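Participant: This is the content of entry-v9.pdb (PDB, C-alpha atoms, pLDDT in the B column):
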```pdb
MODEL        1
ATOM      1  CA  MET A  35       0.000   0.000   0.000  1.00 41.00           C
ATOM      2  CA  SER A  36       1.206   3.463  -0.873  1.00 49.00           C
ATOM      3  CA  GLY A  37      -0.542   5.266   1.979  1.00 53.00           C
ATOM      4  CA  VAL A  38      -3.020   6.930  -0.390  1.00 55.00           C
ATOM      5  CA  PRO A  39      -6.580   6.701   0.945  1.00 54.00           C
ATOM      6  CA  ASN A  40      -8.950   4.484  -1.022  1.00 62.00           C
ATOM      7  CA  PRO A  41     -11.430   6.889  -2.715  1.00 59.00           C
ATOM      8  CA  PHE A  42     -14.078   4.163  -2.764  1.00 66.00           C
ATOM      9  CA  ARG A  43     -14.182   3.669   1.010  1.00 84.00           C
ATOM     10  CA  TYR A  44     -17.032   5.630   2.543  1.00 92.00           C
ATOM     11  CA  GLN A  45     -16.378   8.392   5.027  1.00 93.00           C
ATOM     12  CA  TYR A  46     -18.860   9.573   7.620  1.00 95.00           C
ATOM     13  CA  GLU A  47     -19.739  12.869   9.184  1.00 97.00           C
ATOM     14  CA  THR A  48     -22.020  13.627  12.104  1.00 98.00           C
ATOM     15  CA  ILE A  49     -24.426  16.546  12.102  1.00 98.00           C
ATOM     16  CA  ALA A  50     -25.758  17.585  15.504  1.00 98.00           C
ATOM     17  CA  ALA A  51     -29.240  18.953  16.143  1.00 98.00           C
ATOM     18  CA  SER A  52     -29.901  22.589  15.194  1.00 98.00           C
ATOM     19  CA  GLN A  53     -27.205  22.872  12.510  1.00 98.00           C
ATOM     20  CA  THR A  54     -27.596  25.125   9.481  1.00 98.00           C
ATOM     21  CA  ALA A  55     -26.083  24.064   6.144  1.00 98.00           C
ATOM     22  CA  GLN A  56     -23.205  22.016   7.613  1.00 98.00           C
ATOM     23  CA  VAL A  57     -20.868  21.089   4.751  1.00 97.00           C
ATOM     24  CA  LEU A  58     -20.136  17.371   4.347  1.00 97.00           C
ATOM     25  CA  GLY A  59     -16.377  16.924   4.154  1.00 93.00           C
ATOM     26  CA  GLY A  60     -13.713  19.544   4.745  1.00 92.00           C
ATOM     27  CA  THR A  61     -14.749  21.820   1.915  1.00 92.00           C
ATOM     28  CA  GLY A  62     -17.202  19.774  -0.126  1.00 93.00           C
ATOM     29  CA  ALA A  63     -17.396  20.048  -3.906  1.00 94.00           C
ATOM     30  CA  THR A  64     -19.419  19.253  -6.983  1.00 95.00           C
ATOM     31  CA  GLY A  65     -19.086  15.507  -7.592  1.00 95.00           C
ATOM     32  CA  ASP A  66     -19.136  14.495  -3.908  1.00 95.00           C
ATOM     33  CA  TYR A  67     -21.273  11.417  -3.204  1.00 95.00           C
ATOM     34  CA  VAL A  68     -23.817  10.926  -0.426  1.00 96.00           C
ATOM     35  CA  HIS A  69     -24.565   7.254   0.102  1.00 96.00           C
ATOM     36  CA  LYS A  70     -26.864   7.269   3.104  1.00 97.00           C
ATOM     37  CA  LEU A  71     -28.227   9.435   5.907  1.00 98.00           C
ATOM     38  CA  ILE A  72     -28.858   7.808   9.269  1.00 98.00           C
ATOM     39  CA  VAL A  73     -31.349  10.059  11.025  1.00 98.00           C
ATOM     40  CA  ASN A  74     -32.016   9.983  14.777  1.00 98.00           C
ATOM     41  CA  VAL A  75     -35.305  11.705  15.599  1.00 98.00           C
ATOM     42  CA  THR A  76     -35.593  12.504  19.312  1.00 98.00           C
ATOM     43  CA  THR A  77     -38.476  15.016  19.155  1.00 97.00           C
ATOM     44  CA  ALA A  78     -41.129  14.485  16.493  1.00 97.00           C
ATOM     45  CA  ALA A  79     -42.305  18.105  16.354  1.00 96.00           C
ATOM     46  CA  THR A  80     -38.818  19.342  15.422  1.00 97.00           C
ATOM     47  CA  SER A  81     -37.549  16.531  13.208  1.00 96.00           C
ATOM     48  CA  THR A  82     -36.890  18.271   9.877  1.00 98.00           C
ATOM     49  CA  VAL A  83     -33.742  17.325   7.922  1.00 98.00           C
ATOM     50  CA  THR A  84     -32.831  19.100   4.699  1.00 98.00           C
ATOM     51  CA  LEU A  85     -30.099  18.004   2.282  1.00 98.00           C
ATOM     52  CA  ILE A  86     -28.695  20.816   0.148  1.00 98.00           C
ATOM     53  CA  ASP A  87     -26.884  20.423  -3.195  1.00 96.00           C
ATOM     54  CA  GLY A  88     -25.260  23.792  -3.798  1.00 88.00           C
ATOM     55  CA  SER A  89     -28.386  25.955  -3.576  1.00 88.00           C
ATOM     56  CA  THR A  90     -31.040  23.246  -4.124  1.00 95.00           C
ATOM     57  CA  SER A  91     -32.797  22.186  -0.905  1.00 97.00           C
ATOM     58  CA  ILE A  92     -34.321  18.718  -0.596  1.00 97.00           C
ATOM     59  CA  VAL A  93     -36.434  17.925   2.482  1.00 98.00           C
ATOM     60  CA  ILE A  94     -35.419  14.413   3.528  1.00 97.00           C
ATOM     61  CA  VAL A  95     -37.345  14.162   6.811  1.00 97.00           C
ATOM     62  CA  PRO A  96     -40.377  16.392   7.395  1.00 97.00           C
ATOM     63  CA  ALA A  97     -41.506  17.814  10.727  1.00 95.00           C
ATOM     64  CA  ALA A  98     -43.684  15.514  12.842  1.00 96.00           C
ATOM     65  CA  THR A  99     -41.758  12.362  11.884  1.00 96.00           C
ATOM     66  CA  PRO A 100     -42.149   9.813  14.708  1.00 97.00           C
ATOM     67  CA  VAL A 101     -39.283   9.354  17.168  1.00 98.00           C
ATOM     68  CA  GLY A 102     -36.835   6.678  16.001  1.00 98.00           C
ATOM     69  CA  VAL A 103     -33.786   5.952  13.872  1.00 98.00           C
ATOM     70  CA  TYR A 104     -34.144   5.967  10.079  1.00 98.00           C
ATOM     71  CA  SER A 105     -31.649   4.811   7.459  1.00 98.00           C
ATOM     72  CA  ILE A 106     -32.299   6.726   4.240  1.00 98.00           C
ATOM     73  CA  ALA A 107     -30.495   5.795   1.020  1.00 97.00           C
ATOM     74  CA  ILE A 108     -29.557   8.874  -1.007  1.00 97.00           C
ATOM     75  CA  GLU A 109     -27.018   7.449  -3.503  1.00 95.00           C
ATOM     76  CA  ALA A 110     -26.511  10.749  -5.308  1.00 96.00           C
ATOM     77  CA  ILE A 111     -23.635  12.839  -6.653  1.00 96.00           C
ATOM     78  CA  SER A 112     -23.668  16.581  -6.040  1.00 96.00           C
ATOM     79  CA  ALA A 113     -24.412  18.500  -9.225  1.00 95.00           C
ATOM     80  CA  THR A 114     -23.927  22.112  -8.133  1.00 94.00           C
ATOM     81  CA  GLY A 115     -21.644  22.344  -5.118  1.00 92.00           C
ATOM     82  CA  ALA A 116     -20.921  20.935  -1.700  1.00 95.00           C
ATOM     83  CA  TRP A 117     -23.508  18.745  -0.010  1.00 97.00           C
ATOM     84  CA  LYS A 118     -24.827  20.410   3.145  1.00 98.00           C
ATOM     85  CA  VAL A 119     -27.232  19.245   5.842  1.00 98.00           C
ATOM     86  CA  THR A 120     -29.565  21.348   7.973  1.00 98.00           C
ATOM     87  CA  THR A 121     -31.155  19.801  11.068  1.00 98.00           C
ATOM     88  CA  ALA A 122     -33.938  21.001  13.352  1.00 98.00           C
ATOM     89  CA  ALA A 123     -33.713  20.910  17.152  1.00 98.00           C
ATOM     90  CA  GLY A 124     -35.091  17.375  17.574  1.00 98.00           C
ATOM     91  CA  VAL A 125     -32.929  15.450  15.124  1.00 98.00           C
ATOM     92  CA  SER A 126     -29.294  14.525  14.427  1.00 98.00           C
ATOM     93  CA  VAL A 127     -27.742  12.826  11.388  1.00 98.00           C
ATOM     94  CA  MET A 128     -24.802  10.680  10.398  1.00 98.00           C
ATOM     95  CA  ALA A 129     -24.013  11.016   6.687  1.00 98.00           C
ATOM     96  CA  THR A 130     -21.942   8.444   4.805  1.00 97.00           C
ATOM     97  CA  GLY A 131     -20.359   8.906   1.401  1.00 95.00           C
ATOM     98  CA  ILE A 132     -17.301  10.207  -0.390  1.00 93.00           C
ATOM     99  CA  PHE A 133     -16.626  13.854   0.468  1.00 94.00           C
ATOM    100  CA  SER A 134     -13.913  16.328  -0.542  1.00 91.00           C
ATOM    101  CA  ALA A 135     -11.357  16.999   2.159  1.00 84.00           C
TER
ENDMDL
END
```
Here is a file; write its structure as structure tokens.
Facilitator:
Amino acid sequence: MSGVPNPFRYQYETIAASQTAQVLGGTGATGDYVHKLIVNVTTAATSTVTLIDGSTSIVIVPAATPVGVYSIAIEAISATGAWKVTTAAGVSVMATGIFSA
């Protein structure tokens, strides 16, 4: 092995509750890949999770989602910039994928 990281091995990043547009990876970039979001809803009333591709917002988990842990396959490549995640007060996320450092 040359010490170069395998680009096909998934990374992960945690996103705490009440975060706004947290970039996945160090800087994030067009072409980054989100494999899955593991969502931990602790308060149903404030459970919204939004995934952002550049400036396009995609609601992944709406408000009033029941308390629990959800594994959501995304399997998408960013088309317009860094992937970002916004969480409401009653939810946290672990994102897996391949992100720019």
Participant: Carefully work through the PyMOL selection byres ((chain A and resi 100-114) around 12) for this structure and note down the residues it includes, as a count of residues only.
Facilitator: 54
Participant: So the first atom is atom CA of Val57 of chain A and the second is atom CA of Val119 of chain A; what is the distance between them in Å, to one decimal place?
Facilitator: 6.7 Å
Participant: Separation of atom CA of Thr61 of chain A and atom CA of Ala123 of chain A, in Å?
Facilitator: 24.3 Å
Participant: Expressed in Å to a single decimal, how great is the separation between atom CA of Thr121 of chain A and atom CA of Thr84 of chain A?
Facilitator: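 One can read the atom CA of Thr121 of chain A to atom CA of Thr84 of chain A distance as 6.6 Å.
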Participant: To box segment 48-66 of chain A, take all atoms listed in the file, fit an axis-aligned box, add 4 Å on each side, and give centre and edge lengths in Å to one decimal, as AutoDock Vina command-line options.
Facilitator:
```
--center_x -21.8 --center_y 19.4 --center_z 4.3 --size_x 24.2 --size_y 19.5 --size_z 31.7
```
